[in-house]
Amino acid sequence: MKDKIYVFDTTLRDGEQVPGCQLNTIEKIEIAKALEDLGVDIIEAGFPISSPGDFKSIVEVSKAVSEPVICALTRAVKEDIDCAVEALKYAKRKRIHTGTGSSDQHIFHKLKTTREAILERAVWATTYAKNFVEDVEFYCEDAGRADLEFLARMVETVITAGATVVNIPDTTGYCLPEVYGNKIKYLMEHVPNIDKAILSVHCHNDLGLATANTMAGLINGARQMEVTINGIGERAGNTSLEESAMIIRNHDVGLKTDINIKKIYPVSRLITRLMRMPVQPNKAIVGRNAFAHSSGIHQDGMLKNRENYEIIDPRDVGIPESLIVLTARSGRAALKHRLEKLGVELSKEDLDVAYEKFLELADQRKEIFDEDLLQIMNLQGTGRILEIDYLKVECGKDKPARAKIILNKNGKHIEAEEEGNGPVDATIKAITKVTGVDVRLEEYLVQAITGGSDDLGKVHIQISKDGNFYYGFGSDTDTIHATAKAYLDAINKL
Ligand code: KIV
Ligand code: ZN
């Protein structure tokens with residue numbers, strides 16, 4: 001029998017504190033519904049006293065979702081708690097998350113008070129919140145650096161005052177997994193009334209240990225994990241939901257969650273799009289390269305048996321398939337596999353010849369696509385190949401941006417002109433018009449390689465069509481040109 005771990009999602013609160021990731025109420029509702037579908041148990045919808053926008057979002061999220069508990073964050077202050085009570089008015093199931101500092105660093109140097117006064121405040125806040133809601137979670141901020149005996153006293157005191165959940169945050173991402181795990185173990189063993197509440201783990205990623213610490217806490221007795229989608233959060237972020245949920249599923253640690261893992265990737269994409277925060281390509285589970293194989297030895301192993309190089313089936317988390325990327329490091333097995341997918345069967349001798357040609361081209365390019373292979377094989381392309389012949393974009397503050405594009409579609413010139421809300425929008429609209437291919441732009445990322453103003457701009461794009469995702473890449477000293485190349489690269493893969 002496995003123990004259930006309650007999944008407390010704080011993407012809309014700790015996640016939303018990231019600069020540039022602010023969401024409006026409509027976006028928060030869309031995310032809250034997606035989180036409900038994903039199967040999270042608690043949604044921390046915001047910090048209502050912090051702004052009227054946050055307050056309104058909690059009200060609207062409370063109306064929009066019915067399954068998960070809706071939680072609002074407060075300090076241990078009357079105005080905050082009153083405000084949270086008001087914001088949670090429409091929530092079917094509600095929780096107030098109040099708390100204060102627990103480390104001497106916070107008590108003496110932030111709150112400028114004493115341990116005894118902090119305990120009094122903790123009891124007061126819990127008791128006050130309890131007047132309004134049954135479910136009160138107390139956070140012992142900076143518990144990662146708190147004195148263990150004092151932390152145990154604080155946990156015991158707030159449980160006596162009525163806390164149903166006690167959060168032990170590693171606020172600064174300081175702990176080692178063993179230390180954090182032992183902290184939870186100590187609390188489980190030394191707090192006399194620990195059976196009256198659930199311990200919660202809330203870890204930050206400053207040393208890249210958030211997920212490891214979360215797992216250490218759960219293995220040692222915590223039964224709630226506080227996480228965000230894509231690990232988004234202040235500074236280096238929070239524990240990522242997808243990593244923890246998949247670890248719990250993949251390892252026999254006697255734990256389970258109610259996460260519907262098939263929804264992981266679609267929710268990850270939604271967060272990336274609405275929060276405008278791209279996921280690093282090598283991010284576990286949801287990064288662009290998480291299921292992409294490029295070296296010859298790995299590709300060969302994958303083609304023999306996927307499990308040789310994958311511990312998760314990408315389809316389980318909502319990613320359509322693993323990728324075998326054809327590059328100069330690919331071997332014959334990968335080339336043969338891709339050619340067979342294109343309907344080309346070769347004898348061993350013909351494959352050797354094709355492989356030589358493939359390597360010649362691959363040495364000049366970053367990646368080899370189906371169209372390139374068909375050309376290598378002297379077969380006609382599928383008619384989908386699109387290349388830029390001409391692109392001119394005018395933009396300025398006084399008028400809408402305007403893009404004119406001429407494409408070469410298998411030797412034929414086709415052109416279009418479009419206006420847009422900025423040069424990127426105008427260029428993409430012109431490409432959509434000229435190709436007639438309408439897709440959804442999921443991710444758009446521009447990077448400078450060395451940082452100088454004369455630098456080469458690299459653009460990564462992700463588009464989706466009919467639930468499938470395609471990547472495109474382009475580079476140029478002109479970032480708009482790089483954008484057009486990347487967009488066409490993605491469309492060419494459709
Ligand atoms: O990291 C932290 O300590 C927090 C608390 C406010 C729960 O986010
Ligand atoms: Zn936090």
# chains A, B, ... in the order shown; residues from 1 in each chain; ligands from 1

call {"tool": "closest_atom_pairs", "arguments": {"of": "chain A", "to": "ligand 2", "cutoff": "7 Å", "atoms": "only C-alpha atoms and all ligand atoms", "output": "CSV"}}
result
residue,atom,partner,partner_atom_place_in_ligand_line,distance
A:Asp14,CA,ligand 2,1 (Zn),5.6
A:Pro169,CA,ligand 2,1 (Zn),6.8
A:Thr171,CA,ligand 2,1 (Zn),5.5
A:His202,CA,ligand 2,1 (Zn),6.5
A:Cys203,CA,ligand 2,1 (Zn),6.9
A:His204,CA,ligand 2,1 (Zn),6.4
A:Asn238,CA,ligand 2,1 (Zn),6.8

call {"tool": "write_last_selection", "arguments": {"atoms": "N, CA, C and O atoms", "output": "compact mmCIF listing (two decimals), in the first residue's frame"}}
result
# COMPACT_ATOMS: atom_id res chain seq x y z
N ASP A 14 4.50 31.31 -5.91
CA ASP A 14 5.98 31.40 -5.91
C ASP A 14 6.48 31.50 -7.36
O ASP A 14 7.43 32.23 -7.64
N PRO A 169 9.99 25.07 4.72
CA PRO A 169 10.65 25.50 3.48
C PRO A 169 12.17 25.62 3.61
O PRO A 169 12.67 26.11 4.62
N THR A 171 13.96 27.83 2.17
CA THR A 171 13.71 29.08 1.45
C THR A 171 14.88 29.53 0.58
O THR A 171 14.70 30.08 -0.49
N HIS A 202 8.99 22.24 0.85
CA HIS A 202 8.96 23.38 -0.08
C HIS A 202 10.42 23.77 -0.30
O HIS A 202 11.04 24.37 0.58
N CYS A 203 10.97 23.37 -1.45
CA CYS A 203 12.42 23.55 -1.63
C CYS A 203 12.74 24.47 -2.80
O CYS A 203 12.07 24.45 -3.83
N HIS A 204 13.79 25.25 -2.61
CA HIS A 204 14.27 26.13 -3.68
C HIS A 204 15.55 25.56 -4.26
O HIS A 204 16.23 24.74 -3.64
N ASN A 238 11.89 26.75 -8.00
CA ASN A 238 11.37 25.82 -6.99
C ASN A 238 11.53 24.39 -7.49
O ASN A 238 11.91 24.16 -8.64

call {"tool": "residues_near_ligand", "arguments": {"ligand": "ligand 1", "cutoff": "9 Å", "atoms": "only C-alpha atoms and all ligand atoms", "output": "number ranges by chain"}}
result
A: 10, 13-14, 73-75, 97-101, 138-143, 167-173, 202-204, 226, 234, 238

call {"tool": "atom_distance", "arguments": {"atom1": "atom CA of Lys433 of chain A", "atom2": "atom CA of Glu417 of chain A"}}
result
8.0 Å

call {"tool": "closest_residue", "arguments": {"among": "A:Thr127, A:Thr432, A:Ser102, A:Thr477", "to": "Leu151 of chain A", "atoms": "only C-alpha atoms"}}
result
A:Ser102

call {"tool": "residues_around", "arguments": {"residues": "Glu367 of chain A", "least_positions_apart": "4", "cutoff": "10 Å", "atoms": "only C-alpha atoms", "output": "ChimeraX atom specification"}}
result
/A:294,325-329,361-363,372,473

call {"tool": "residues_around", "arguments": {"residues": "Ile259 of chain A", "least_positions_apart": "6", "cutoff": "9 Å", "atoms": "only C-alpha atoms", "output": "PyMOL selection string"}}
result
chain A and resi 7+37-41+245

call {"tool": "atom_distance", "arguments": {"atom1": "atom CA of Ile43 of chain A", "atom2": "atom CA of Lys63 of chain A"}}
result
12.9 Å

call {"tool": "residues_around", "arguments": {"residues": "segment 19-23 of chain A", "least_positions_apart": "6", "cutoff": "7 Å", "atoms": "only C-alpha atoms", "output": "PyMOL selection string"}}
result
chain A and resi 275-277

call {"tool": "write_last_selection", "arguments": {"atoms": "N, CA, C and O atoms", "output": "PDB file, in the first residue's frame"}}
result
ATOM      1  N   MET A 275       3.710  32.371 -19.389  1.00  0.00           N
ATOM      2  CA  MET A 275       4.664  33.085 -18.517  1.00  0.00           C
ATOM      3  C   MET A 275       5.865  33.607 -19.304  1.00  0.00           C
ATOM      4  O   MET A 275       6.742  34.234 -18.740  1.00  0.00           O
ATOM      5  N   ARG A 276       5.912  33.283 -20.563  1.00  0.00           N
ATOM      6  CA  ARG A 276       7.000  33.742 -21.453  1.00  0.00           C
ATOM      7  C   ARG A 276       8.355  33.353 -20.858  1.00  0.00           C
ATOM      8  O   ARG A 276       9.278  34.165 -20.785  1.00  0.00           O
ATOM      9  N   MET A 277       8.444  32.142 -20.421  1.00  0.00           N
ATOM     10  CA  MET A 277       9.661  31.682 -19.761  1.00  0.00           C
ATOM     11  C   MET A 277      10.068  30.350 -20.380  1.00  0.00           C
ATOM     12  O   MET A 277       9.536  29.292 -20.008  1.00  0.00           O
TER      13      MET A 277
END

call {"tool": "select_by_dssp", "arguments": {"residues": "segment 54-113 of chain A", "states": "helix (DSSP H, G or I)", "output": "list in words"}}
result
Asp54, Phe55, Lys56, Ser57, Ile58, Val59, Glu60, Val61, Ser62, Lys63, Ala64, Lys78, Glu79, Asp80, Ile81, Asp82, Cys83, Ala84, Val85, Glu86, Ala87, Asp104, Gln105, His106, Ile107, Phe108 and His109 of chain A

call {"tool": "residues_around", "arguments": {"residues": "Thr11 of chain A", "least_positions_apart": "2", "cutoff": "7 Å", "atoms": "only C-alpha atoms", "output": "list in words"}}
result
Asp9, Arg13, Asp14, Gly15, Glu16, Thr228, Ile229 and Ile232 of chain A

call {"tool": "select_by_dssp", "arguments": {"residues": "segment 32-112 of chain A", "states": "strand (DSSP E or B)", "output": "number ranges by chain"}}
result
A: 42-46, 69-73, 94-101

call {"tool": "write_last_selection", "arguments": {"atoms": "N, CA, C and O atoms", "output": "PDB file, in the first residue's frame"}}
result
ATOM      1  N   ILE A  42      -3.779  20.850  -4.309  1.00  0.00           N
ATOM      2  CA  ILE A  42      -3.933  22.208  -3.771  1.00  0.00           C
ATOM      3  C   ILE A  42      -3.337  23.185  -4.788  1.00  0.00           C
ATOM      4  O   ILE A  42      -2.246  22.951  -5.313  1.00  0.00           O
ATOM      5  N   ILE A  43      -4.052  24.276  -5.037  1.00  0.00           N
ATOM      6  CA  ILE A  43      -3.509  25.338  -5.901  1.00  0.00           C
ATOM      7  C   ILE A  43      -3.279  26.556  -5.019  1.00  0.00           C
ATOM      8  O   ILE A  43      -4.239  27.105  -4.454  1.00  0.00           O
ATOM      9  N   GLU A  44      -2.023  26.971  -4.888  1.00  0.00           N
ATOM     10  CA  GLU A  44      -1.772  28.235  -4.194  1.00  0.00           C
ATOM     11  C   GLU A  44      -1.959  29.333  -5.248  1.00  0.00           C
ATOM     12  O   GLU A  44      -1.147  29.499  -6.159  1.00  0.00           O
ATOM     13  N   ALA A  45      -3.061  30.057  -5.114  1.00  0.00           N
ATOM     14  CA  ALA A  45      -3.477  30.943  -6.210  1.00  0.00           C
ATOM     15  C   ALA A  45      -2.888  32.341  -6.106  1.00  0.00           C
ATOM     16  O   ALA A  45      -3.003  33.119  -7.058  1.00  0.00           O
ATOM     17  N   GLY A  46      -2.249  32.694  -4.996  1.00  0.00           N
ATOM     18  CA  GLY A  46      -1.631  34.022  -4.920  1.00  0.00           C
ATOM     19  C   GLY A  46      -1.436  34.494  -3.492  1.00  0.00           C
ATOM     20  O   GLY A  46      -1.661  33.751  -2.529  1.00  0.00           O
ATOM     21  N   VAL A  69      -8.127  22.201  -3.519  1.00  0.00           N
ATOM     22  CA  VAL A  69      -8.231  23.213  -2.458  1.00  0.00           C
ATOM     23  C   VAL A  69      -7.574  24.477  -3.002  1.00  0.00           C
ATOM     24  O   VAL A  69      -6.522  24.411  -3.648  1.00  0.00           O
ATOM     25  N   ILE A  70      -8.185  25.631  -2.761  1.00  0.00           N
ATOM     26  CA  ILE A  70      -7.557  26.898  -3.179  1.00  0.00           C
ATOM     27  C   ILE A  70      -6.918  27.520  -1.946  1.00  0.00           C
ATOM     28  O   ILE A  70      -7.552  27.657  -0.898  1.00  0.00           O
ATOM     29  N   CYS A  71      -5.660  27.893  -2.118  1.00  0.00           N
ATOM     30  CA  CYS A  71      -4.890  28.389  -0.978  1.00  0.00           C
ATOM     31  C   CYS A  71      -4.420  29.825  -1.249  1.00  0.00           C
ATOM     32  O   CYS A  71      -4.087  30.166  -2.387  1.00  0.00           O
ATOM     33  N   ALA A  72      -4.436  30.641  -0.186  1.00  0.00           N
ATOM     34  CA  ALA A  72      -3.944  32.017  -0.309  1.00  0.00           C
ATOM     35  C   ALA A  72      -2.846  32.231   0.721  1.00  0.00           C
ATOM     36  O   ALA A  72      -2.976  31.823   1.878  1.00  0.00           O
ATOM     37  N   LEU A  73      -1.768  32.902   0.293  1.00  0.00           N
ATOM     38  CA  LEU A  73      -0.616  33.133   1.182  1.00  0.00           C
ATOM     39  C   LEU A  73      -0.798  34.425   1.974  1.00  0.00           C
ATOM     40  O   LEU A  73      -1.328  35.408   1.455  1.00  0.00           O
ATOM     41  N   LYS A  94     -11.049  25.604   0.881  1.00  0.00           N
ATOM     42  CA  LYS A  94     -10.094  26.704   1.011  1.00  0.00           C
ATOM     43  C   LYS A  94      -9.053  26.468   2.092  1.00  0.00           C
ATOM     44  O   LYS A  94      -9.290  25.729   3.056  1.00  0.00           O
ATOM     45  N   ARG A  95      -7.903  27.118   1.893  1.00  0.00           N
ATOM     46  CA  ARG A  95      -6.818  27.025   2.886  1.00  0.00           C
ATOM     47  C   ARG A  95      -6.110  28.374   2.991  1.00  0.00           C
ATOM     48  O   ARG A  95      -5.860  29.030   1.986  1.00  0.00           O
ATOM     49  N   ILE A  96      -5.810  28.751   4.228  1.00  0.00           N
ATOM     50  CA  ILE A  96      -4.954  29.931   4.437  1.00  0.00           C
ATOM     51  C   ILE A  96      -3.555  29.428   4.770  1.00  0.00           C
ATOM     52  O   ILE A  96      -3.396  28.517   5.597  1.00  0.00           O
ATOM     53  N   HIS A  97      -2.571  30.019   4.084  1.00  0.00           N
ATOM     54  CA  HIS A  97      -1.165  29.637   4.268  1.00  0.00           C
ATOM     55  C   HIS A  97      -0.463  30.821   4.926  1.00  0.00           C
ATOM     56  O   HIS A  97      -0.146  31.813   4.269  1.00  0.00           O
ATOM     57  N   THR A  98      -0.311  30.733   6.243  1.00  0.00           N
ATOM     58  CA  THR A  98       0.302  31.852   6.949  1.00  0.00           C
ATOM     59  C   THR A  98       1.618  31.381   7.567  1.00  0.00           C
ATOM     60  O   THR A  98       1.880  30.182   7.636  1.00  0.00           O
ATOM     61  N   GLY A  99       2.428  32.328   8.012  1.00  0.00           N
ATOM     62  CA  GLY A  99       3.673  31.898   8.633  1.00  0.00           C
ATOM     63  C   GLY A  99       4.645  33.029   8.855  1.00  0.00           C
ATOM     64  O   GLY A  99       4.361  34.194   8.567  1.00  0.00           O
ATOM     65  N   THR A 100       5.803  32.661   9.358  1.00  0.00           N
ATOM     66  CA  THR A 100       6.829  33.661   9.645  1.00  0.00           C
ATOM     67  C   THR A 100       8.197  32.973   9.698  1.00  0.00           C
ATOM     68  O   THR A 100       8.280  31.735   9.580  1.00  0.00           O
ATOM     69  N   GLY A 101       9.240  33.782   9.886  1.00  0.00           N
ATOM     70  CA  GLY A 101      10.602  33.245   9.869  1.00  0.00           C
ATOM     71  C   GLY A 101      10.876  32.288  11.017  1.00  0.00           C
ATOM     72  O   GLY A 101      10.332  32.440  12.125  1.00  0.00           O
TER      73      GLY A 101
END

call {"tool": "decode", "arguments": {"residues": "segment 22-33 of chain A", "atoms": "all heavy atoms", "output": "tab-separated table (two decimals), in the first residue's frame"}}
result
chain	number	residue	atom	x	y	z
A	22	GLN	N	4.68	37.73	-14.84
A	22	GLN	CA	3.37	38.07	-14.29
A	22	GLN	C	2.25	37.67	-15.25
A	22	GLN	O	2.39	37.76	-16.46
A	22	GLN	CB	3.28	39.58	-14.00
A	22	GLN	CG	3.78	39.97	-12.61
A	22	GLN	CD	5.28	39.78	-12.45
A	22	GLN	OE1	6.02	39.88	-13.41
A	22	GLN	NE2	5.72	39.50	-11.26
A	23	LEU	N	1.15	37.26	-14.62
A	23	LEU	CA	0.01	36.78	-15.41
A	23	LEU	C	-1.19	37.64	-15.10
A	23	LEU	O	-1.32	38.16	-13.98
A	23	LEU	CB	-0.33	35.35	-14.97
A	23	LEU	CG	0.75	34.30	-15.20
A	23	LEU	CD1	0.47	33.07	-14.33
A	23	LEU	CD2	0.81	33.90	-16.66
A	24	ASN	N	-2.10	37.76	-16.07
A	24	ASN	CA	-3.35	38.45	-15.75
A	24	ASN	C	-4.37	37.41	-15.27
A	24	ASN	O	-4.11	36.20	-15.29
A	24	ASN	CB	-3.84	39.28	-16.94
A	24	ASN	CG	-4.14	38.41	-18.14
A	24	ASN	OD1	-4.61	37.29	-18.00
A	24	ASN	ND2	-3.86	38.92	-19.34
A	25	THR	N	-5.53	37.90	-14.86
A	25	THR	CA	-6.52	36.99	-14.24
A	25	THR	C	-6.97	35.91	-15.22
A	25	THR	O	-7.09	34.73	-14.85
A	25	THR	CB	-7.71	37.81	-13.74
A	25	THR	OG1	-7.20	38.76	-12.82
A	25	THR	CG2	-8.75	36.96	-13.06
A	26	ILE	N	-7.20	36.29	-16.48
A	26	ILE	CA	-7.67	35.29	-17.47
A	26	ILE	C	-6.63	34.18	-17.61
A	26	ILE	O	-6.96	32.99	-17.66
A	26	ILE	CB	-7.87	35.96	-18.86
A	26	ILE	CG1	-8.68	37.23	-18.72
A	26	ILE	CG2	-8.39	34.97	-19.89
A	26	ILE	CD1	-10.04	37.25	-19.29
A	27	GLU	N	-5.36	34.59	-17.67
A	27	GLU	CA	-4.29	33.58	-17.81
A	27	GLU	C	-4.24	32.68	-16.58
A	27	GLU	O	-4.05	31.47	-16.68
A	27	GLU	CB	-2.95	34.27	-18.03
A	27	GLU	CG	-2.84	34.97	-19.38
A	27	GLU	CD	-1.66	35.94	-19.48
A	27	GLU	OE1	-1.17	36.46	-18.46
A	27	GLU	OE2	-1.24	36.20	-20.62
A	28	LYS	N	-4.43	33.31	-15.40
A	28	LYS	CA	-4.37	32.49	-14.16
A	28	LYS	C	-5.52	31.48	-14.14
A	28	LYS	O	-5.34	30.35	-13.67
A	28	LYS	CB	-4.43	33.39	-12.93
A	28	LYS	CG	-3.11	34.11	-12.70
A	28	LYS	CD	-3.08	34.71	-11.31
A	28	LYS	CE	-1.79	35.47	-11.11
A	28	LYS	NZ	-1.72	36.18	-9.86
A	29	ILE	N	-6.67	31.90	-14.62
A	29	ILE	CA	-7.81	30.95	-14.64
A	29	ILE	C	-7.49	29.78	-15.58
A	29	ILE	O	-7.73	28.62	-15.25
A	29	ILE	CB	-9.11	31.67	-15.07
A	29	ILE	CG1	-9.49	32.70	-14.01
A	29	ILE	CG2	-10.25	30.69	-15.32
A	29	ILE	CD1	-10.63	33.60	-14.41
A	30	GLU	N	-6.93	30.11	-16.74
A	30	GLU	CA	-6.59	29.05	-17.70
A	30	GLU	C	-5.60	28.06	-17.07
A	30	GLU	O	-5.75	26.84	-17.19
A	30	GLU	CB	-6.00	29.68	-18.97
A	30	GLU	CG	-5.83	28.67	-20.09
A	30	GLU	CD	-5.34	29.27	-21.40
A	30	GLU	OE1	-5.32	30.52	-21.54
A	30	GLU	OE2	-4.95	28.47	-22.28
A	31	ILE	N	-4.62	28.61	-16.36
A	31	ILE	CA	-3.62	27.73	-15.73
A	31	ILE	C	-4.26	26.92	-14.60
A	31	ILE	O	-4.02	25.71	-14.48
A	31	ILE	CB	-2.42	28.56	-15.21
A	31	ILE	CG1	-1.65	29.13	-16.41
A	31	ILE	CG2	-1.51	27.72	-14.32
A	31	ILE	CD1	-0.53	30.07	-16.05
A	32	ALA	N	-5.10	27.57	-13.80
A	32	ALA	CA	-5.73	26.85	-12.68
A	32	ALA	C	-6.56	25.67	-13.20
A	32	ALA	O	-6.53	24.57	-12.63
A	32	ALA	CB	-6.59	27.81	-11.87
A	33	LYS	N	-7.28	25.89	-14.31
A	33	LYS	CA	-8.09	24.79	-14.86
A	33	LYS	C	-7.18	23.66	-15.36
A	33	LYS	O	-7.49	22.48	-15.19
A	33	LYS	CB	-8.95	25.30	-16.01
A	33	LYS	CG	-10.12	26.15	-15.53
A	33	LYS	CD	-10.98	26.50	-16.71
A	33	LYS	CE	-12.25	27.19	-16.28
A	33	LYS	NZ	-12.87	27.92	-17.40
